[in-house]
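What follows is the content of structure-v1.tsv (TSV, C-alpha atoms).
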```tsv
chain	number	residue	atom	x	y	z
A	1	MET	CA	-15.26	1.16	17.77
A	2	ARG	CA	-12.01	0.36	19.53
A	3	LYS	CA	-8.97	2.57	19.10
A	4	ILE	CA	-5.92	0.39	18.48
A	5	LEU	CA	-2.28	1.42	18.19
A	6	VAL	CA	-0.28	-0.79	15.81
A	7	THR	CA	3.44	-0.08	15.94
A	8	GLY	CA	5.48	-1.23	12.97
A	9	ALA	CA	2.43	-0.58	10.78
A	10	ALA	CA	4.52	-0.20	7.62
A	11	GLY	CA	6.14	-3.56	8.29
A	12	PHE	CA	5.12	-6.95	6.99
A	13	ILE	CA	2.94	-8.20	9.84
A	14	GLY	CA	1.84	-4.72	10.91
A	15	PHE	CA	0.52	-3.91	7.45
A	16	HIS	CA	-1.56	-7.07	7.21
A	17	LEU	CA	-2.82	-6.78	10.79
A	18	ALA	CA	-3.83	-3.12	10.43
A	19	GLY	CA	-5.82	-3.94	7.32
A	20	ARG	CA	-7.62	-6.77	9.07
A	21	LEU	CA	-8.44	-4.61	12.12
A	22	LEU	CA	-9.77	-1.82	9.91
A	23	ALA	CA	-11.97	-4.25	8.00
A	24	ALA	CA	-13.46	-5.34	11.34
A	25	GLY	CA	-14.51	-1.76	12.12
A	26	ASN	CA	-11.74	-0.65	14.46
A	27	GLN	CA	-9.97	2.69	14.43
A	28	VAL	CA	-6.26	2.12	13.87
A	29	ILE	CA	-3.38	4.49	14.42
A	30	GLY	CA	-0.26	3.15	12.74
A	31	LEU	CA	3.21	4.10	13.90
A	32	ASP	CA	6.50	3.37	12.12
A	33	ASN	CA	9.89	5.04	11.79
A	34	LEU	CA	10.31	3.84	8.16
A	35	SER	CA	13.87	2.74	8.80
A	36	ASP	CA	16.03	1.86	5.80
A	37	TYR	CA	16.94	-1.59	7.13
A	38	TYR	CA	15.21	-2.76	3.96
A	39	ASP	CA	13.65	-1.03	0.94
A	40	VAL	CA	11.59	1.92	2.19
A	41	ARG	CA	9.65	1.93	-1.08
A	42	LEU	CA	7.99	-1.33	-0.11
A	43	LYS	CA	7.02	0.12	3.27
A	44	GLU	CA	5.60	3.20	1.56
A	45	ALA	CA	3.60	1.02	-0.83
A	46	ARG	CA	2.09	-0.86	2.11
A	47	LEU	CA	1.24	2.43	3.81
A	48	ALA	CA	-0.38	3.79	0.67
A	49	ARG	CA	-2.83	0.90	0.74
A	50	LEU	CA	-3.65	1.47	4.41
A	51	MET	CA	-4.04	5.21	3.91
A	52	SER	CA	-6.78	4.54	1.37
A	53	LEU	CA	-8.91	2.88	4.07
A	54	ASN	CA	-11.29	4.56	6.48
A	55	ASN	CA	-10.34	5.04	10.14
A	56	PHE	CA	-6.59	4.73	9.60
A	57	ARG	CA	-4.05	7.38	10.58
A	58	PHE	CA	-0.28	7.11	10.28
A	59	LEU	CA	2.46	8.74	12.34
A	60	ARG	CA	6.16	8.52	11.51
A	61	MET	CA	7.85	8.00	14.85
A	62	GLY	CA	10.42	5.75	16.52
A	63	LEU	CA	9.64	3.97	19.76
A	64	GLU	CA	12.75	5.47	21.33
A	65	GLU	CA	11.27	9.00	20.94
A	66	ARG	CA	9.98	8.94	24.49
A	67	GLU	CA	8.35	12.35	24.82
A	68	LYS	CA	6.52	12.10	21.49
A	69	LEU	CA	5.36	8.57	22.18
A	70	LEU	CA	4.06	9.26	25.68
A	71	ARG	CA	2.28	12.37	24.43
A	72	LEU	CA	0.59	10.21	21.80
A	73	PHE	CA	-0.62	7.80	24.49
A	74	ALA	CA	-1.95	10.70	26.56
A	75	GLU	CA	-3.82	12.24	23.64
A	76	GLU	CA	-5.29	9.11	22.05
A	77	LYS	CA	-6.23	6.92	25.05
A	78	PHE	CA	-5.80	3.64	23.18
A	79	ASP	CA	-7.94	0.64	24.11
A	80	VAL	CA	-5.42	-1.87	22.78
A	81	VAL	CA	-1.76	-1.65	21.79
A	82	VAL	CA	-0.14	-4.16	19.42
A	83	ASN	CA	3.62	-3.65	19.45
A	84	LEU	CA	5.18	-5.09	16.30
A	85	ALA	CA	7.89	-2.44	15.82
A	86	ALA	CA	11.43	-3.63	16.44
A	87	GLN	CA	14.84	-3.82	14.88
A	88	ALA	CA	14.61	-7.16	13.14
A	89	GLY	CA	17.25	-9.56	11.89
A	90	VAL	CA	19.63	-12.04	13.49
A	91	ARG	CA	22.83	-11.41	11.53
A	92	TYR	CA	22.43	-7.64	11.51
A	93	SER	CA	22.65	-7.76	15.30
A	94	LEU	CA	26.23	-8.97	14.91
A	95	VAL	CA	27.27	-5.74	13.20
A	96	ASN	CA	24.93	-3.11	14.69
A	97	PRO	CA	23.98	-4.20	18.22
A	98	TYR	CA	23.07	-0.71	19.42
A	99	ALA	CA	20.15	-0.54	16.98
A	100	TYR	CA	18.57	-3.44	18.89
A	101	ILE	CA	19.00	-1.79	22.26
A	102	ASP	CA	17.52	1.52	21.06
A	103	SER	CA	14.47	0.04	19.39
A	104	ASN	CA	13.81	-3.25	21.16
A	105	ILE	CA	14.75	-2.33	24.73
A	106	VAL	CA	14.45	1.45	25.10
A	107	GLY	CA	11.50	1.54	22.73
A	108	PHE	CA	9.68	-1.25	24.54
A	109	ILE	CA	9.98	0.36	27.96
A	110	ASN	CA	8.40	3.47	26.44
A	111	ILE	CA	5.51	1.33	25.22
A	112	LEU	CA	5.09	-0.20	28.67
A	113	GLU	CA	5.12	3.22	30.34
A	114	GLY	CA	2.49	4.47	27.92
A	115	CYS	CA	0.27	1.51	28.73
A	116	ARG	CA	0.86	1.93	32.45
A	117	HIS	CA	-0.12	5.58	32.67
A	118	HIS	CA	-2.94	5.75	30.13
A	119	GLY	CA	-5.35	2.90	30.81
A	120	VAL	CA	-4.54	0.50	27.97
A	121	GLN	CA	-6.75	-2.57	28.37
A	122	HIS	CA	-4.44	-5.06	26.63
A	123	LEU	CA	-0.87	-4.98	25.35
A	124	VAL	CA	-0.08	-7.58	22.71
A	125	PHE	CA	3.57	-7.66	21.69
A	126	ALA	CA	5.75	-9.52	19.21
A	127	SER	CA	8.30	-11.94	20.51
A	128	SER	CA	10.06	-14.52	18.34
A	129	SER	CA	10.78	-18.21	17.94
A	130	SER	CA	14.43	-17.18	18.21
A	131	VAL	CA	14.07	-16.96	22.02
A	132	TYR	CA	14.28	-20.78	22.12
A	133	GLY	CA	17.95	-20.37	21.21
A	134	ALA	CA	20.01	-23.39	22.20
A	135	ASN	CA	16.96	-25.46	23.16
A	136	THR	CA	16.81	-28.78	21.32
A	137	LYS	CA	13.68	-30.37	22.77
A	138	MET	CA	10.98	-30.33	20.09
A	139	PRO	CA	8.41	-29.05	19.56
A	140	PHE	CA	9.22	-25.75	21.26
A	141	SER	CA	6.70	-25.08	24.02
A	142	VAL	CA	5.92	-21.85	25.87
A	143	HIS	CA	6.25	-23.96	29.02
A	144	HIS	CA	9.95	-24.59	28.31
A	145	ASN	CA	12.73	-22.53	29.84
A	146	VAL	CA	14.26	-20.07	27.31
A	147	ASP	CA	17.34	-18.76	29.07
A	148	HIS	CA	19.93	-19.52	26.38
A	149	PRO	CA	19.54	-17.18	23.38
A	150	VAL	CA	22.16	-17.45	20.64
A	151	SER	CA	21.82	-13.93	19.19
A	152	LEU	CA	21.41	-10.44	20.58
A	153	TYR	CA	18.15	-10.13	18.65
A	154	ALA	CA	16.79	-13.16	20.52
A	155	ALA	CA	18.05	-11.76	23.82
A	156	THR	CA	16.14	-8.51	23.26
A	157	LYS	CA	12.92	-10.40	22.54
A	158	LYS	CA	13.38	-12.49	25.69
A	159	ALA	CA	13.98	-9.21	27.55
A	160	ASN	CA	10.68	-7.87	26.19
A	161	GLU	CA	8.88	-10.87	27.66
A	162	LEU	CA	10.47	-10.30	31.06
A	163	MET	CA	9.78	-6.57	30.98
A	164	ALA	CA	6.13	-7.12	30.08
A	165	HIS	CA	5.76	-9.66	32.88
A	166	SER	CA	7.12	-7.22	35.42
A	167	TYR	CA	4.60	-4.58	34.34
A	168	ALA	CA	1.76	-7.09	34.38
A	169	SER	CA	2.78	-8.04	37.90
A	170	LEU	CA	3.43	-4.54	39.26
A	171	TYR	CA	0.65	-2.60	37.58
A	172	ASN	CA	-1.90	-5.27	36.59
A	173	ILE	CA	-1.53	-4.49	32.88
A	174	PRO	CA	-2.79	-7.46	30.80
A	175	CYS	CA	0.09	-8.45	28.50
A	176	THR	CA	0.29	-11.17	25.86
A	177	GLY	CA	3.50	-12.07	24.03
A	178	LEU	CA	3.47	-13.84	20.68
A	179	ARG	CA	6.39	-15.94	19.49
A	180	PHE	CA	6.18	-15.86	15.71
A	181	PHE	CA	7.69	-18.70	13.68
A	182	THR	CA	9.25	-17.76	10.29
A	183	VAL	CA	6.47	-15.69	8.78
A	184	TYR	CA	6.16	-15.51	4.98
A	185	GLY	CA	3.69	-14.42	2.32
A	186	PRO	CA	2.70	-11.52	0.05
A	187	TRP	CA	4.20	-8.13	0.94
A	188	GLY	CA	6.92	-9.92	2.91
A	189	ARG	CA	10.31	-8.61	3.97
A	190	PRO	CA	12.97	-8.36	1.24
A	191	ASP	CA	15.72	-9.47	3.66
A	192	MET	CA	14.08	-12.84	4.26
A	193	ALA	CA	15.10	-16.08	2.55
A	194	LEU	CA	11.95	-16.49	0.45
A	195	PHE	CA	12.26	-13.03	-1.07
A	196	LEU	CA	15.98	-13.40	-1.79
A	197	PHE	CA	15.61	-16.91	-3.19
A	198	THR	CA	12.81	-15.82	-5.52
A	199	LYS	CA	14.75	-12.83	-6.81
A	200	ALA	CA	17.93	-14.84	-7.40
A	201	ILE	CA	16.21	-17.78	-9.11
A	202	LEU	CA	14.31	-15.51	-11.50
A	203	GLU	CA	17.55	-13.67	-12.34
A	204	GLY	CA	19.47	-16.91	-12.90
A	205	ARG	CA	21.81	-16.36	-9.93
A	206	SER	CA	22.80	-18.95	-7.35
A	207	ILE	CA	21.32	-19.03	-3.85
A	208	ASP	CA	23.13	-19.62	-0.55
A	209	VAL	CA	21.67	-22.63	1.25
A	210	PHE	CA	22.88	-22.78	4.84
A	211	ASN	CA	23.40	-25.92	6.89
A	212	HIS	CA	23.58	-27.75	3.53
A	213	GLY	CA	19.80	-27.50	3.19
A	214	ARG	CA	19.13	-29.44	6.38
A	215	MET	CA	17.60	-26.45	8.17
A	216	GLN	CA	14.03	-27.04	9.34
A	217	ARG	CA	11.63	-24.16	9.86
A	218	ASP	CA	8.01	-23.90	10.96
A	219	PHE	CA	7.10	-21.65	8.01
A	220	THR	CA	3.89	-19.79	8.88
A	221	PHE	CA	1.73	-18.00	6.32
A	222	ILE	CA	0.94	-14.36	7.05
A	223	GLU	CA	-2.84	-14.78	7.07
A	224	ASP	CA	-2.52	-17.48	9.73
A	225	ILE	CA	-0.37	-15.15	11.80
A	226	VAL	CA	-2.89	-12.32	11.54
A	227	GLU	CA	-5.82	-14.59	12.42
A	228	GLY	CA	-3.98	-15.69	15.54
A	229	VAL	CA	-3.13	-12.12	16.55
A	230	VAL	CA	-6.72	-10.92	16.09
A	231	ARG	CA	-8.06	-13.73	18.23
A	232	VAL	CA	-5.47	-13.09	20.93
A	233	ILE	CA	-6.34	-9.38	21.02
A	234	ASP	CA	-9.87	-10.33	22.04
A	235	ARG	CA	-8.68	-12.68	24.79
A	236	ILE	CA	-7.42	-10.55	27.67
A	237	PRO	CA	-5.12	-12.72	29.81
A	238	GLN	CA	-6.08	-13.61	33.36
A	239	ALA	CA	-3.90	-14.63	36.27
A	240	ASN	CA	-3.37	-18.39	36.53
A	241	PRO	CA	-4.64	-19.40	40.00
A	242	LEU	CA	-2.68	-22.66	39.80
A	243	TRP	CA	0.68	-20.98	39.16
A	244	ASP	CA	3.21	-22.12	41.74
A	245	GLY	CA	6.47	-20.34	42.49
A	246	ALA	CA	7.98	-23.60	43.69
A	247	SER	CA	7.54	-25.00	40.18
A	248	PRO	CA	7.14	-21.90	37.98
A	249	ASP	CA	5.47	-22.25	34.58
A	250	PRO	CA	7.17	-19.91	32.06
A	251	GLY	CA	4.06	-19.81	29.84
A	252	THR	CA	1.60	-18.43	32.42
A	253	SER	CA	1.77	-16.36	35.61
A	254	TYR	CA	0.13	-15.25	38.82
A	255	ALA	CA	-0.16	-11.92	36.91
A	256	PRO	CA	-2.38	-11.20	33.85
A	257	TYR	CA	0.29	-12.38	31.44
A	258	ARG	CA	0.48	-15.06	28.74
A	259	ILE	CA	2.86	-16.25	26.04
A	260	TYR	CA	1.76	-18.07	22.87
A	261	ASN	CA	3.55	-19.68	19.96
A	262	ILE	CA	2.11	-18.91	16.54
A	263	GLY	CA	3.60	-21.40	14.12
A	264	ASN	CA	2.47	-23.90	11.54
A	265	ASN	CA	3.18	-26.84	13.86
A	266	HIS	CA	4.69	-28.62	10.85
A	267	PRO	CA	8.42	-27.99	10.26
A	268	VAL	CA	9.65	-28.17	6.67
A	269	GLU	CA	13.22	-28.86	5.58
A	270	LEU	CA	14.80	-25.98	3.71
A	271	MET	CA	15.56	-28.14	0.67
A	272	ARG	CA	11.89	-29.09	0.39
A	273	PHE	CA	10.92	-25.43	0.74
A	274	ILE	CA	13.21	-24.60	-2.19
A	275	GLU	CA	11.76	-27.44	-4.29
A	276	VAL	CA	8.24	-26.09	-3.85
A	277	LEU	CA	9.42	-22.59	-4.68
A	278	GLU	CA	11.10	-23.91	-7.85
A	279	ASP	CA	7.82	-25.53	-8.88
A	280	CYS	CA	5.93	-22.27	-8.32
A	281	LEU	CA	8.49	-20.30	-10.34
A	282	GLY	CA	8.88	-22.92	-13.05
A	283	LYS	CA	12.63	-22.63	-12.75
A	284	LYS	CA	15.39	-24.53	-10.95
A	285	ALA	CA	17.79	-22.94	-8.49
A	286	GLU	CA	21.57	-23.19	-8.53
A	287	LYS	CA	22.49	-23.87	-4.90
A	288	ASN	CA	25.60	-22.98	-2.91
A	289	LEU	CA	25.59	-25.40	0.03
A	290	LEU	CA	27.09	-23.71	3.10
A	291	PRO	CA	27.52	-24.52	6.81
A	292	LEU	CA	25.31	-23.26	9.62
A	293	GLN	CA	25.79	-19.54	10.20
A	294	ALA	CA	26.43	-17.72	13.47
A	295	GLY	CA	23.20	-16.93	15.29
A	296	ASP	CA	21.16	-19.53	13.37
A	297	VAL	CA	19.61	-22.66	14.85
A	298	PRO	CA	19.15	-25.94	12.95
A	299	ALA	CA	15.40	-26.28	13.49
A	300	THR	CA	12.25	-24.62	14.80
A	301	TYR	CA	8.98	-26.39	15.54
A	302	ALA	CA	6.07	-24.77	17.39
A	303	ASP	CA	3.88	-26.43	19.98
A	304	VAL	CA	0.62	-24.48	19.53
A	305	ASP	CA	-1.58	-26.43	21.95
A	306	ASP	CA	-2.13	-23.39	24.18
A	307	LEU	CA	-3.16	-21.23	21.22
A	308	VAL	CA	-5.60	-23.86	20.00
A	309	ARG	CA	-7.08	-24.34	23.45
A	310	ASP	CA	-7.45	-20.66	24.33
A	311	VAL	CA	-8.47	-19.04	21.05
A	312	GLY	CA	-9.61	-22.00	18.95
A	313	PHE	CA	-7.19	-21.50	16.09
A	314	GLN	CA	-4.24	-23.35	14.61
A	315	PRO	CA	-2.23	-22.19	11.56
A	316	ALA	CA	-2.67	-24.65	8.73
A	317	THR	CA	-1.77	-23.09	5.35
A	318	THR	CA	0.51	-25.48	3.45
A	319	ILE	CA	3.76	-24.26	1.94
A	320	GLU	CA	2.43	-25.28	-1.48
A	321	GLU	CA	-0.49	-22.86	-1.12
A	322	GLY	CA	1.46	-20.17	0.70
A	323	LEU	CA	4.39	-20.12	-1.73
A	324	ARG	CA	2.06	-20.04	-4.73
A	325	ARG	CA	0.33	-16.97	-3.33
A	326	PHE	CA	3.65	-15.28	-2.57
A	327	VAL	CA	4.97	-15.91	-6.09
A	328	ASP	CA	1.73	-14.60	-7.64
A	329	TRP	CA	2.09	-11.39	-5.61
A	330	TYR	CA	5.80	-11.06	-6.33
A	331	ARG	CA	5.35	-11.34	-10.08
A	332	GLU	CA	2.58	-8.74	-10.03
A	333	TYR	CA	4.33	-6.29	-7.71
A	334	TYR	CA	7.65	-6.40	-9.56
A	335	SER	CA	6.19	-6.59	-13.05
A	336	ASN	CA	7.93	-3.29	-13.82
A	337	GLY	CA	11.30	-4.98	-13.21
A	338	GLU	CA	12.33	-2.77	-10.31
A	339	ILE	CA	13.63	-5.27	-7.76
A	340	GLN	CA	15.80	-4.08	-4.90
A	341	ASP	CA	19.32	-5.32	-4.22
A	342	SER	CA	19.65	-8.26	-1.86
A	343	VAL	CA	21.02	-8.23	1.71
A	344	PRO	CA	22.19	-11.02	4.06
A	345	VAL	CA	19.44	-13.47	5.01
A	346	SER	CA	18.60	-15.52	8.09
A	347	LEU	CA	15.85	-18.08	8.36
A	348	ASN	CA	15.60	-17.19	12.06
A	349	GLU	CA	14.09	-13.83	11.18
A	350	SER	CA	10.34	-13.89	11.53
A	351	ARG	CA	8.96	-10.46	12.12
A	352	ARG	CA	8.30	-7.05	11.08
```
What does the file become when written as structure tokens?
Amino acid sequence: MRKILVTGAAGFIGFHLAGRLLAAGNQVIGLDNLSDYYDVRLKEARLARLMSLNNFRFLRMGLEEREKLLRLFAEEKFDVVVNLAAQAGVRYSLVNPYAYIDSNIVGFINILEGCRHHGVQHLVFASSSSVYGANTKMPFSVHHNVDHPVSLYAATKKANELMAHSYASLYNIPCTGLRFFTVYGPWGRPDMALFLFTKAILEGRSIDVFNHGRMQRDFTFIEDIVEGVVRVIDRIPQANPLWDGASPDPGTSYAPYRIYNIGNNHPVELMRFIEVLEDCLGKKAEKNLLPLQAGDVPATYADVDDLVRDVGFQPATTIEEGLRRFVDWYREYYSNGEIQDSVPVSLNESRR
């Protein structure tokens, strides 16, 4: 039985991943600060489900709480750490940048120090498709340069990749970064487009459609994301003997470090996404067509060849199937009519 730390365990991906790891017979310690960035009641409902399972323990803690976090590492001696905790959101970084530094930068160095000093065998951490920033060459590949982020959120995720690489190089800590592409599905985040669209359509309110509906996103169903993460956990990265500093490959390293995209490898235009959602809901949306917003990019499209080659898996759930399953969950979960107020949305957001 492996002992696995999952940070952000009350979050969207963390909740699903912890459940999957527990079902496979692992011991999971979940950590989350239960921030009020979105409805804490949803986070508590996720946790309640996890708490009913064997071999799960939850701790309320922020990654920036250095002494508490390092004491936890010392006491528990984790085999694997999956870091999914972070301050999420592209537009929120425009109004509260310090939250991203505290959680995504300070918090991540605390994770790395815990791994360094306490024998963690593999650190798997969440990055984001947003790191591709101003890149326009499609599909996005882990072997492309990603030095031009267009939001602070993206910059912090790029920083996480660089920080992890330095620790892999200096201390031989196996590190794998995962660039998630627009994750959706049951128990999803209420600040994401799918959640807000669904709520507004059912209430007969209009929805804001940015870039006049011409956005393209590599929408990736949550179960595909979790399958990819589980397989990556079991594949500890090795140094690439062919890596050459004269022609450096951003996706691999001379150190035990790898980066993977986890996306559907099939971008869908936002207007088509809305059409499928309308079909699932049995109701048409009133659309406010708006220009591209600050921090957003027009399209994302994941090259997942490395993921397929190394772990034998490629996300494949169609939006028709994925949206149907989300709507079924949404109707059941909110059958009592208690639906939280909406907040600004960005299709770039893809995590926790």
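Of the residues under consideration (A:Asp147, A:Arg2, A:Leu69, A:Leu323), A:Leu323 shows the shortest atom-to-atom contact distance to Gly188 of chain A when counting only C-alpha atoms.
For the set A:Leu152, A:Ala99, A:Met163, A:Met138, the residue with the smallest atom-to-atom gap to Gln216 of chain A is A:Met138, counting all atoms listed in the file.
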* Closest to Val150 of chain A among A:Arg66, A:Arg49, A:Arg91, A:Arg325, using only C-alpha atoms? -> A:Arg91
* When you draw a straight line from atom CA of Leu277 of chain A to atom CA of Thr318 of chain A, how long is it in Å? -> 12.4 Å
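The residues that lie within 10 Å of the point (23.4, -20.4, 26.6), counting only C-alpha atoms, are A:Gly133, A:Ala134, A:Asn135, A:Val146, A:Asp147, A:His148, A:Pro149, A:Val150, A:Ser151.
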Please dump the current selection as a short mmCIF file (atom, residue, chain, number, x, y, z; two decimals), in the frame of the given file; keep C-alpha atoms.
```
data_model
loop_
_atom_site.label_atom_id
_atom_site.label_comp_id
_atom_site.auth_asym_id
_atom_site.auth_seq_id
_atom_site.Cartn_x
_atom_site.Cartn_y
_atom_site.Cartn_z
CA GLY A 133 17.95 -20.37 21.21
CA ALA A 134 20.01 -23.39 22.20
CA ASN A 135 16.96 -25.46 23.16
CA VAL A 146 14.26 -20.07 27.31
CA ASP A 147 17.34 -18.76 29.07
CA HIS A 148 19.93 -19.52 26.38
CA PRO A 149 19.54 -17.18 23.38
CA VAL A 150 22.16 -17.45 20.64
CA SER A 151 21.82 -13.93 19.19
#
```
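Nearest to Trp329 of chain A of all the residues A:Trp187, A:Val229, A:Ala9, A:Ile173 is A:Trp187, based on only C-alpha atoms.
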* Structure fact -> In Å and to one decimal, atom CA of Ile4 of chain A is distant from atom CA of Arg20 of chain A by 11.9 Å
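Straight-line separation from atom CA of Leu47 of chain A to atom CA of Ala10 of chain A: 5.7 Å.
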* Kindly indicate which residue among A:Lys137, A:Lys68, A:Lys157, A:Arg57 lies nearest to Asn110 of chain A, using all atoms listed in the file for the distances. => A:Lys68
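By all atoms listed in the file, and with residues fewer than 4 positions from segment 112-115 of chain A along its chain excluded, the set lying at most 7 Å from it is Leu70, Phe73, Phe108, Gly119 and Val120 of chain A.
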* Asked: Skipping near chain neighbours, those fewer than 6 positions away, what residues fall within 9 Å of Phe219 of chain A using all atoms listed in the file, listed as a ChimeraX atom specification?
  -> /A:181-184,263-268,318-319
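Of the residues listed (A:Val232, A:Ala74, A:Val40, A:Ile101), A:Val232 shows the shortest atom-to-atom separation from Arg309 of chain A; distances use all atoms listed in the file.
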